[in-house]
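Notes for the one structure printed next.
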Amino acid sequence: MLFVCLEIFLARIVDVSISTFRTMIMVRKRSFVIPILAFFEVFVWFMAARKALNTEIDSLMIPICYSLGYATGTYIGGLLSKRFIKDVNSIEVTTKKNNYKLIDTLRNEGYAVSVLALKDNYKDQKDLLIISVKSKNTNEVIKLIKNVDNKAFIVVKDTRLVHNGYIK
């Protein structure tokens, strides 16, 4: 029974890891790999499901191992996605007008900053700073912003495509 449970558990880790990774690639439109990953994902899933459903073993351990494999595969697939899919985030910062201290701090740290003047009907004029960064640097940029302007309004967006420019 231990061997069957281990086989089901490992197969589910593989198929769900592939599934999670494939989904992340699909979101980013890297489509040439998607059908290949889908084939192996479903092939491994079929083998695991067949093994789980056709075993003579009548134990709660079979569905437990099947479910644990799914959960573990989801986690591992997320790790694979973070490791192999390079993300870019756009950080939008609404701050007071002419916040040169914040702009200079970000630029001195090597981040490209675009500044747009915001116009509204209220008395406070503001600027919108746009910074594109590799996702691994997002938290560092947010800390820099908060250290200089803890009242800044910060929005982080997942960016699918960037042409030209400088990204740190």
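We name chains A, B, ... following the order of the structure tokens; residues begin at 1 in each chain, and ligands are numbered from 1 as shown.
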Open item on the list: Considering only alpha helix (DSSP H) as DSSP defines it on the backbone, what residues of segment 51-84 of chain A qualify? List them as JSON, numbers by chain.
Closed with: {"A": [51, 52, 53, 54, 61, 62, 63, 64, 65, 66, 67, 68, 69, 70, 71, 72, 73, 74, 75, 76, 77, 78, 79, 80, 81, 82, 83, 84]}
Using only N, CA and C atoms, please write the residues we just selected to a file, as a PDB file, in the first residue's frame.
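The resulting selection00.pdb:
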```
ATOM      1  N   LYS A  51      -4.550   4.842 -11.417  1.00  0.00           N
ATOM      2  CA  LYS A  51      -3.947   4.073 -10.314  1.00  0.00           C
ATOM      3  C   LYS A  51      -4.796   4.224  -9.048  1.00  0.00           C
ATOM      4  N   ALA A  52      -5.237   5.440  -8.754  1.00  0.00           N
ATOM      5  CA  ALA A  52      -6.016   5.687  -7.541  1.00  0.00           C
ATOM      6  C   ALA A  52      -7.387   5.015  -7.602  1.00  0.00           C
ATOM      7  N   LEU A  53      -8.009   5.020  -8.766  1.00  0.00           N
ATOM      8  CA  LEU A  53      -9.367   4.487  -8.889  1.00  0.00           C
ATOM      9  C   LEU A  53      -9.409   2.973  -9.089  1.00  0.00           C
ATOM     10  N   ASN A  54      -8.324   2.396  -9.608  1.00  0.00           N
ATOM     11  CA  ASN A  54      -8.326   0.960  -9.921  1.00  0.00           C
ATOM     12  C   ASN A  54      -7.579   0.111  -8.909  1.00  0.00           C
ATOM     13  N   MET A  61      -6.125   6.301   2.861  1.00  0.00           N
ATOM     14  CA  MET A  61      -4.815   6.831   2.500  1.00  0.00           C
ATOM     15  C   MET A  61      -4.718   7.142   1.002  1.00  0.00           C
ATOM     16  N   ILE A  62      -5.464   6.431   0.159  1.00  0.00           N
ATOM     17  CA  ILE A  62      -5.407   6.683  -1.289  1.00  0.00           C
ATOM     18  C   ILE A  62      -5.901   8.100  -1.598  1.00  0.00           C
ATOM     19  N   PRO A  63      -7.112   8.498  -1.193  1.00  0.00           N
ATOM     20  CA  PRO A  63      -7.534   9.879  -1.480  1.00  0.00           C
ATOM     21  C   PRO A  63      -6.720  10.933  -0.720  1.00  0.00           C
ATOM     22  N   ILE A  64      -6.210  10.558   0.442  1.00  0.00           N
ATOM     23  CA  ILE A  64      -5.372  11.502   1.187  1.00  0.00           C
ATOM     24  C   ILE A  64      -4.083  11.770   0.411  1.00  0.00           C
ATOM     25  N   CYS A  65      -3.434  10.741  -0.085  1.00  0.00           N
ATOM     26  CA  CYS A  65      -2.197  10.913  -0.865  1.00  0.00           C
ATOM     27  C   CYS A  65      -2.465  11.647  -2.174  1.00  0.00           C
ATOM     28  N   TYR A  66      -3.598  11.338  -2.795  1.00  0.00           N
ATOM     29  CA  TYR A  66      -4.000  12.010  -4.030  1.00  0.00           C
ATOM     30  C   TYR A  66      -4.158  13.512  -3.767  1.00  0.00           C
ATOM     31  N   SER A  67      -4.822  13.866  -2.684  1.00  0.00           N
ATOM     32  CA  SER A  67      -5.057  15.270  -2.329  1.00  0.00           C
ATOM     33  C   SER A  67      -3.783  15.965  -1.872  1.00  0.00           C
ATOM     34  N   LEU A  68      -2.957  15.286  -1.094  1.00  0.00           N
ATOM     35  CA  LEU A  68      -1.684  15.867  -0.661  1.00  0.00           C
ATOM     36  C   LEU A  68      -0.770  16.128  -1.853  1.00  0.00           C
ATOM     37  N   GLY A  69      -0.801  15.233  -2.835  1.00  0.00           N
ATOM     38  CA  GLY A  69      -0.018  15.438  -4.057  1.00  0.00           C
ATOM     39  C   GLY A  69      -0.482  16.674  -4.799  1.00  0.00           C
ATOM     40  N   TYR A  70      -1.804  16.866  -4.844  1.00  0.00           N
ATOM     41  CA  TYR A  70      -2.367  18.051  -5.495  1.00  0.00           C
ATOM     42  C   TYR A  70      -1.903  19.324  -4.788  1.00  0.00           C
ATOM     43  N   ALA A  71      -2.020  19.337  -3.474  1.00  0.00           N
ATOM     44  CA  ALA A  71      -1.633  20.520  -2.699  1.00  0.00           C
ATOM     45  C   ALA A  71      -0.136  20.811  -2.847  1.00  0.00           C
ATOM     46  N   THR A  72       0.682  19.777  -2.758  1.00  0.00           N
ATOM     47  CA  THR A  72       2.125  19.945  -2.889  1.00  0.00           C
ATOM     48  C   THR A  72       2.485  20.401  -4.300  1.00  0.00           C
ATOM     49  N   GLY A  73       1.822  19.843  -5.305  1.00  0.00           N
ATOM     50  CA  GLY A  73       2.062  20.244  -6.689  1.00  0.00           C
ATOM     51  C   GLY A  73       1.717  21.696  -6.934  1.00  0.00           C
ATOM     52  N   THR A  74       0.659  22.184  -6.308  1.00  0.00           N
ATOM     53  CA  THR A  74       0.288  23.590  -6.434  1.00  0.00           C
ATOM     54  C   THR A  74       1.396  24.482  -5.884  1.00  0.00           C
ATOM     55  N   TYR A  75       1.914  24.103  -4.738  1.00  0.00           N
ATOM     56  CA  TYR A  75       2.995  24.869  -4.119  1.00  0.00           C
ATOM     57  C   TYR A  75       4.254  24.846  -4.991  1.00  0.00           C
ATOM     58  N   ILE A  76       4.647  23.667  -5.437  1.00  0.00           N
ATOM     59  CA  ILE A  76       5.861  23.536  -6.254  1.00  0.00           C
ATOM     60  C   ILE A  76       5.696  24.249  -7.598  1.00  0.00           C
ATOM     61  N   GLY A  77       4.516  24.154  -8.193  1.00  0.00           N
ATOM     62  CA  GLY A  77       4.258  24.864  -9.449  1.00  0.00           C
ATOM     63  C   GLY A  77       4.412  26.368  -9.284  1.00  0.00           C
ATOM     64  N   GLY A  78       3.962  26.893  -8.156  1.00  0.00           N
ATOM     65  CA  GLY A  78       4.147  28.315  -7.871  1.00  0.00           C
ATOM     66  C   GLY A  78       5.614  28.682  -7.743  1.00  0.00           C
ATOM     67  N   LEU A  79       6.397  27.822  -7.084  1.00  0.00           N
ATOM     68  CA  LEU A  79       7.834  28.072  -6.965  1.00  0.00           C
ATOM     69  C   LEU A  79       8.509  28.045  -8.334  1.00  0.00           C
ATOM     70  N   LEU A  80       8.131  27.078  -9.166  1.00  0.00           N
ATOM     71  CA  LEU A  80       8.687  26.999 -10.521  1.00  0.00           C
ATOM     72  C   LEU A  80       8.349  28.256 -11.321  1.00  0.00           C
ATOM     73  N   SER A  81       7.130  28.724 -11.195  1.00  0.00           N
ATOM     74  CA  SER A  81       6.703  29.918 -11.918  1.00  0.00           C
ATOM     75  C   SER A  81       7.528  31.127 -11.503  1.00  0.00           C
ATOM     76  N   LYS A  82       7.724  31.288 -10.197  1.00  0.00           N
ATOM     77  CA  LYS A  82       8.524  32.415  -9.716  1.00  0.00           C
ATOM     78  C   LYS A  82       9.964  32.326 -10.209  1.00  0.00           C
ATOM     79  N   ARG A  83      10.470  31.122 -10.270  1.00  0.00           N
ATOM     80  CA  ARG A  83      11.871  30.928 -10.650  1.00  0.00           C
ATOM     81  C   ARG A  83      12.109  31.145 -12.140  1.00  0.00           C
ATOM     82  N   PHE A  84      11.207  30.663 -12.975  1.00  0.00           N
ATOM     83  CA  PHE A  84      11.470  30.642 -14.409  1.00  0.00           C
ATOM     84  C   PHE A  84      10.721  31.686 -15.222  1.00  0.00           C
TER      85      PHE A  84
END
```
Open item on the list: Taking 2 positions as the minimum chain separation for residues in the same chain, which residues sit within 12 Å of Arg160 of chain A when counting only C-alpha atoms? Answer as a list in words.
Closed with: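 Answer for this query is Met24, Ile25, Met26, Val27, Arg28, Lys29, Arg30, Ile85, Lys86, Asp87, Val88, Asn89, Ser90, Ser132, Lys134, Ser135, Lys157, Asp158, Val162 and His163 of chain A.
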Just the selected residues (N, CA, C and O atoms), exported as a PDB file, in the first residue's frame, please.
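part_37.pdb written:
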```pdb
ATOM      1  N   MET A  24       0.549  29.754 -15.667  1.00  0.00           N
ATOM      2  CA  MET A  24       1.303  31.006 -15.551  1.00  0.00           C
ATOM      3  C   MET A  24       1.907  31.413 -16.898  1.00  0.00           C
ATOM      4  O   MET A  24       1.918  32.589 -17.242  1.00  0.00           O
ATOM      5  N   ILE A  25       2.384  30.460 -17.657  1.00  0.00           N
ATOM      6  CA  ILE A  25       2.927  30.766 -18.983  1.00  0.00           C
ATOM      7  C   ILE A  25       1.804  31.252 -19.896  1.00  0.00           C
ATOM      8  O   ILE A  25       1.965  32.211 -20.650  1.00  0.00           O
ATOM      9  N   MET A  26       0.653  30.606 -19.815  1.00  0.00           N
ATOM     10  CA  MET A  26      -0.481  30.964 -20.670  1.00  0.00           C
ATOM     11  C   MET A  26      -0.930  32.404 -20.396  1.00  0.00           C
ATOM     12  O   MET A  26      -1.258  33.145 -21.325  1.00  0.00           O
ATOM     13  N   VAL A  27      -0.923  32.808 -19.141  1.00  0.00           N
ATOM     14  CA  VAL A  27      -1.301  34.170 -18.776  1.00  0.00           C
ATOM     15  C   VAL A  27      -0.346  35.173 -19.424  1.00  0.00           C
ATOM     16  O   VAL A  27      -0.736  36.254 -19.820  1.00  0.00           O
ATOM     17  N   ARG A  28       0.886  34.778 -19.581  1.00  0.00           N
ATOM     18  CA  ARG A  28       1.896  35.665 -20.151  1.00  0.00           C
ATOM     19  C   ARG A  28       2.029  35.508 -21.669  1.00  0.00           C
ATOM     20  O   ARG A  28       2.909  36.074 -22.278  1.00  0.00           O
ATOM     21  N   LYS A  29       1.179  34.679 -22.271  1.00  0.00           N
ATOM     22  CA  LYS A  29       1.089  34.484 -23.720  1.00  0.00           C
ATOM     23  C   LYS A  29       2.338  33.878 -24.351  1.00  0.00           C
ATOM     24  O   LYS A  29       2.676  34.177 -25.471  1.00  0.00           O
ATOM     25  N   ARG A  30       3.009  33.014 -23.660  1.00  0.00           N
ATOM     26  CA  ARG A  30       4.127  32.277 -24.246  1.00  0.00           C
ATOM     27  C   ARG A  30       3.580  30.942 -24.729  1.00  0.00           C
ATOM     28  O   ARG A  30       3.803  29.908 -24.142  1.00  0.00           O
ATOM     29  N   ILE A  85       9.694  32.277 -14.688  1.00  0.00           N
ATOM     30  CA  ILE A  85       8.951  33.296 -15.424  1.00  0.00           C
ATOM     31  C   ILE A  85       9.318  34.642 -14.828  1.00  0.00           C
ATOM     32  O   ILE A  85       8.989  34.934 -13.685  1.00  0.00           O
ATOM     33  N   LYS A  86      10.011  35.425 -15.614  1.00  0.00           N
ATOM     34  CA  LYS A  86      10.480  36.729 -15.152  1.00  0.00           C
ATOM     35  C   LYS A  86       9.366  37.753 -15.303  1.00  0.00           C
ATOM     36  O   LYS A  86       8.970  38.103 -16.399  1.00  0.00           O
ATOM     37  N   ASP A  87       8.873  38.235 -14.184  1.00  0.00           N
ATOM     38  CA  ASP A  87       7.775  39.188 -14.168  1.00  0.00           C
ATOM     39  C   ASP A  87       8.299  40.613 -14.085  1.00  0.00           C
ATOM     40  O   ASP A  87       9.376  40.869 -13.551  1.00  0.00           O
ATOM     41  N   VAL A  88       7.496  41.509 -14.603  1.00  0.00           N
ATOM     42  CA  VAL A  88       7.746  42.940 -14.464  1.00  0.00           C
ATOM     43  C   VAL A  88       6.506  43.546 -13.831  1.00  0.00           C
ATOM     44  O   VAL A  88       5.384  43.223 -14.203  1.00  0.00           O
ATOM     45  N   ASN A  89       6.710  44.398 -12.858  1.00  0.00           N
ATOM     46  CA  ASN A  89       5.610  45.114 -12.225  1.00  0.00           C
ATOM     47  C   ASN A  89       5.700  46.594 -12.556  1.00  0.00           C
ATOM     48  O   ASN A  89       6.798  47.142 -12.670  1.00  0.00           O
ATOM     49  N   SER A  90       4.559  47.218 -12.703  1.00  0.00           N
ATOM     50  CA  SER A  90       4.493  48.672 -12.814  1.00  0.00           C
ATOM     51  C   SER A  90       4.014  49.193 -11.469  1.00  0.00           C
ATOM     52  O   SER A  90       3.003  48.735 -10.949  1.00  0.00           O
ATOM     53  N   SER A 132       8.722  50.986 -13.622  1.00  0.00           N
ATOM     54  CA  SER A 132       8.641  49.570 -14.020  1.00  0.00           C
ATOM     55  C   SER A 132       9.843  48.853 -13.441  1.00  0.00           C
ATOM     56  O   SER A 132      10.987  49.296 -13.624  1.00  0.00           O
ATOM     57  N   LYS A 134      11.560  44.800 -12.097  1.00  0.00           N
ATOM     58  CA  LYS A 134      11.464  43.342 -12.011  1.00  0.00           C
ATOM     59  C   LYS A 134      10.737  43.023 -10.712  1.00  0.00           C
ATOM     60  O   LYS A 134      10.936  43.692  -9.695  1.00  0.00           O
ATOM     61  N   SER A 135       9.909  42.006 -10.750  1.00  0.00           N
ATOM     62  CA  SER A 135       9.075  41.715  -9.576  1.00  0.00           C
ATOM     63  C   SER A 135       9.893  41.489  -8.313  1.00  0.00           C
ATOM     64  O   SER A 135       9.446  41.819  -7.221  1.00  0.00           O
ATOM     65  N   LYS A 157       0.989  46.866 -10.260  1.00  0.00           N
ATOM     66  CA  LYS A 157       0.277  46.119 -11.291  1.00  0.00           C
ATOM     67  C   LYS A 157       1.226  45.137 -11.963  1.00  0.00           C
ATOM     68  O   LYS A 157       2.388  45.464 -12.212  1.00  0.00           O
ATOM     69  N   ASP A 158       0.695  43.971 -12.264  1.00  0.00           N
ATOM     70  CA  ASP A 158       1.436  42.985 -13.039  1.00  0.00           C
ATOM     71  C   ASP A 158       1.462  43.462 -14.483  1.00  0.00           C
ATOM     72  O   ASP A 158       0.423  43.741 -15.073  1.00  0.00           O
ATOM     73  N   VAL A 162       6.668  44.872 -21.890  1.00  0.00           N
ATOM     74  CA  VAL A 162       7.359  46.152 -21.824  1.00  0.00           C
ATOM     75  C   VAL A 162       8.279  46.242 -23.037  1.00  0.00           C
ATOM     76  O   VAL A 162       9.021  45.305 -23.325  1.00  0.00           O
ATOM     77  N   HIS A 163       8.204  47.358 -23.754  1.00  0.00           N
ATOM     78  CA  HIS A 163       9.115  47.620 -24.880  1.00  0.00           C
ATOM     79  C   HIS A 163       9.995  48.807 -24.516  1.00  0.00           C
ATOM     80  O   HIS A 163       9.512  49.825 -24.027  1.00  0.00           O
TER      81      HIS A 163
END
```
Task: Which of A:Leu129, A:Ile8, A:Leu60, A:Val33 sits closest to Met47 of chain A [using only C-alpha atoms] - done: A:Ile8
Task: Closest of A:Thr55, A:Ser31, A:Gln125, A:Asn147 to Thr94 of chain A - atom-to-atom distances counting only C-alpha atoms - done: A:Gln125
Task: Of the listed residues A:Arg50, A:Arg12, A:Lys168, A:Lys97, that which approaches Glu109 of chain A most closely, counting only C-alpha atoms - done: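 Checking each of A:Arg50, A:Arg12, A:Lys168, A:Lys97 against Glu109 of chain A, counting only C-alpha atoms, the winner is A:Lys168.
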- [ ] Quick one: pick out all strand (DSSP E or B) residues within chain A from a backbone DSSP run and write them as a ChimeraX atom specification.
- [x] /A:88-96,114-118,126-134,153-159
Selected residues written out with C-alpha atoms, as a short mmCIF file (atom, residue, chain, number, x, y, z; two decimals), in the first residue's frame:
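Result file out-v3.cif:
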```
data_model
loop_
_atom_site.label_atom_id
_atom_site.label_comp_id
_atom_site.auth_asym_id
_atom_site.auth_seq_id
_atom_site.Cartn_x
_atom_site.Cartn_y
_atom_site.Cartn_z
CA VAL A 88 7.75 42.94 -14.46
CA ASN A 89 5.61 45.11 -12.23
CA SER A 90 4.49 48.67 -12.81
CA ILE A 91 4.39 50.73 -9.65
CA GLU A 92 2.21 53.83 -9.75
CA VAL A 93 2.77 56.35 -6.98
CA THR A 94 0.48 59.32 -6.40
CA THR A 95 2.39 61.87 -4.37
CA LYS A 96 2.50 65.58 -3.69
CA SER A 114 8.34 58.80 -15.27
CA VAL A 115 6.52 61.78 -13.76
CA LEU A 116 3.05 62.92 -14.84
CA ALA A 117 1.30 65.96 -13.45
CA LEU A 118 -2.21 65.15 -12.24
CA LYS A 126 -0.30 65.86 -7.27
CA ASP A 127 2.14 63.95 -9.46
CA LEU A 128 1.92 60.38 -10.66
CA LEU A 129 5.21 58.49 -10.68
CA ILE A 130 5.46 55.39 -12.83
CA ILE A 131 8.25 52.90 -12.18
CA SER A 132 8.64 49.57 -14.02
CA VAL A 133 10.66 47.02 -12.05
CA LYS A 134 11.46 43.34 -12.01
CA PHE A 153 -0.70 56.23 -2.65
CA ILE A 154 0.95 53.14 -4.19
CA VAL A 155 -0.54 50.75 -6.74
CA VAL A 156 1.38 47.72 -8.03
CA LYS A 157 0.28 46.12 -11.29
CA ASP A 158 1.44 42.98 -13.04
CA THR A 159 2.80 44.06 -16.41
#
```
TODO: Rank nothing, just name the residue among A:Phe9, A:Tyr111, A:Tyr100, A:Tyr122 nearest to Ala49 of chain A, using only C-alpha atoms.
DONE: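 Of the candidates, the smallest distance to Ala49 of chain A is held by A:Phe9.
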Task: Nearest to Phe39 of chain A, chosen from A:Asp104, A:Glu140, A:Asp149, A:Asp15, with only C-alpha atoms counted in the distances - done: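 Closest to Phe39 of chain A of all the choices is A:Asp15.
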Task: Residue neighbourhood Arg22 of chain A, 8 Å, only C-alpha atoms, exclusion window fewer than 5 positions, as a PyMOL selection string - done: chain A and resi 34+37-38
Open item on the list: Counting only C-alpha atoms, which residue out of A:Gly110, A:Thr105, A:Ile36, A:Ala11 sits closest to Lys143 of chain A?
Closed with: A:Thr105
Task: Atomic distance atom CA of Phe32 of chain A - atom CA of Thr138 of chain A, expressed in Å with one decimal - done: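 Pair atom CA of Phe32 of chain A / atom CA of Thr138 of chain A returns 28.7 Å.
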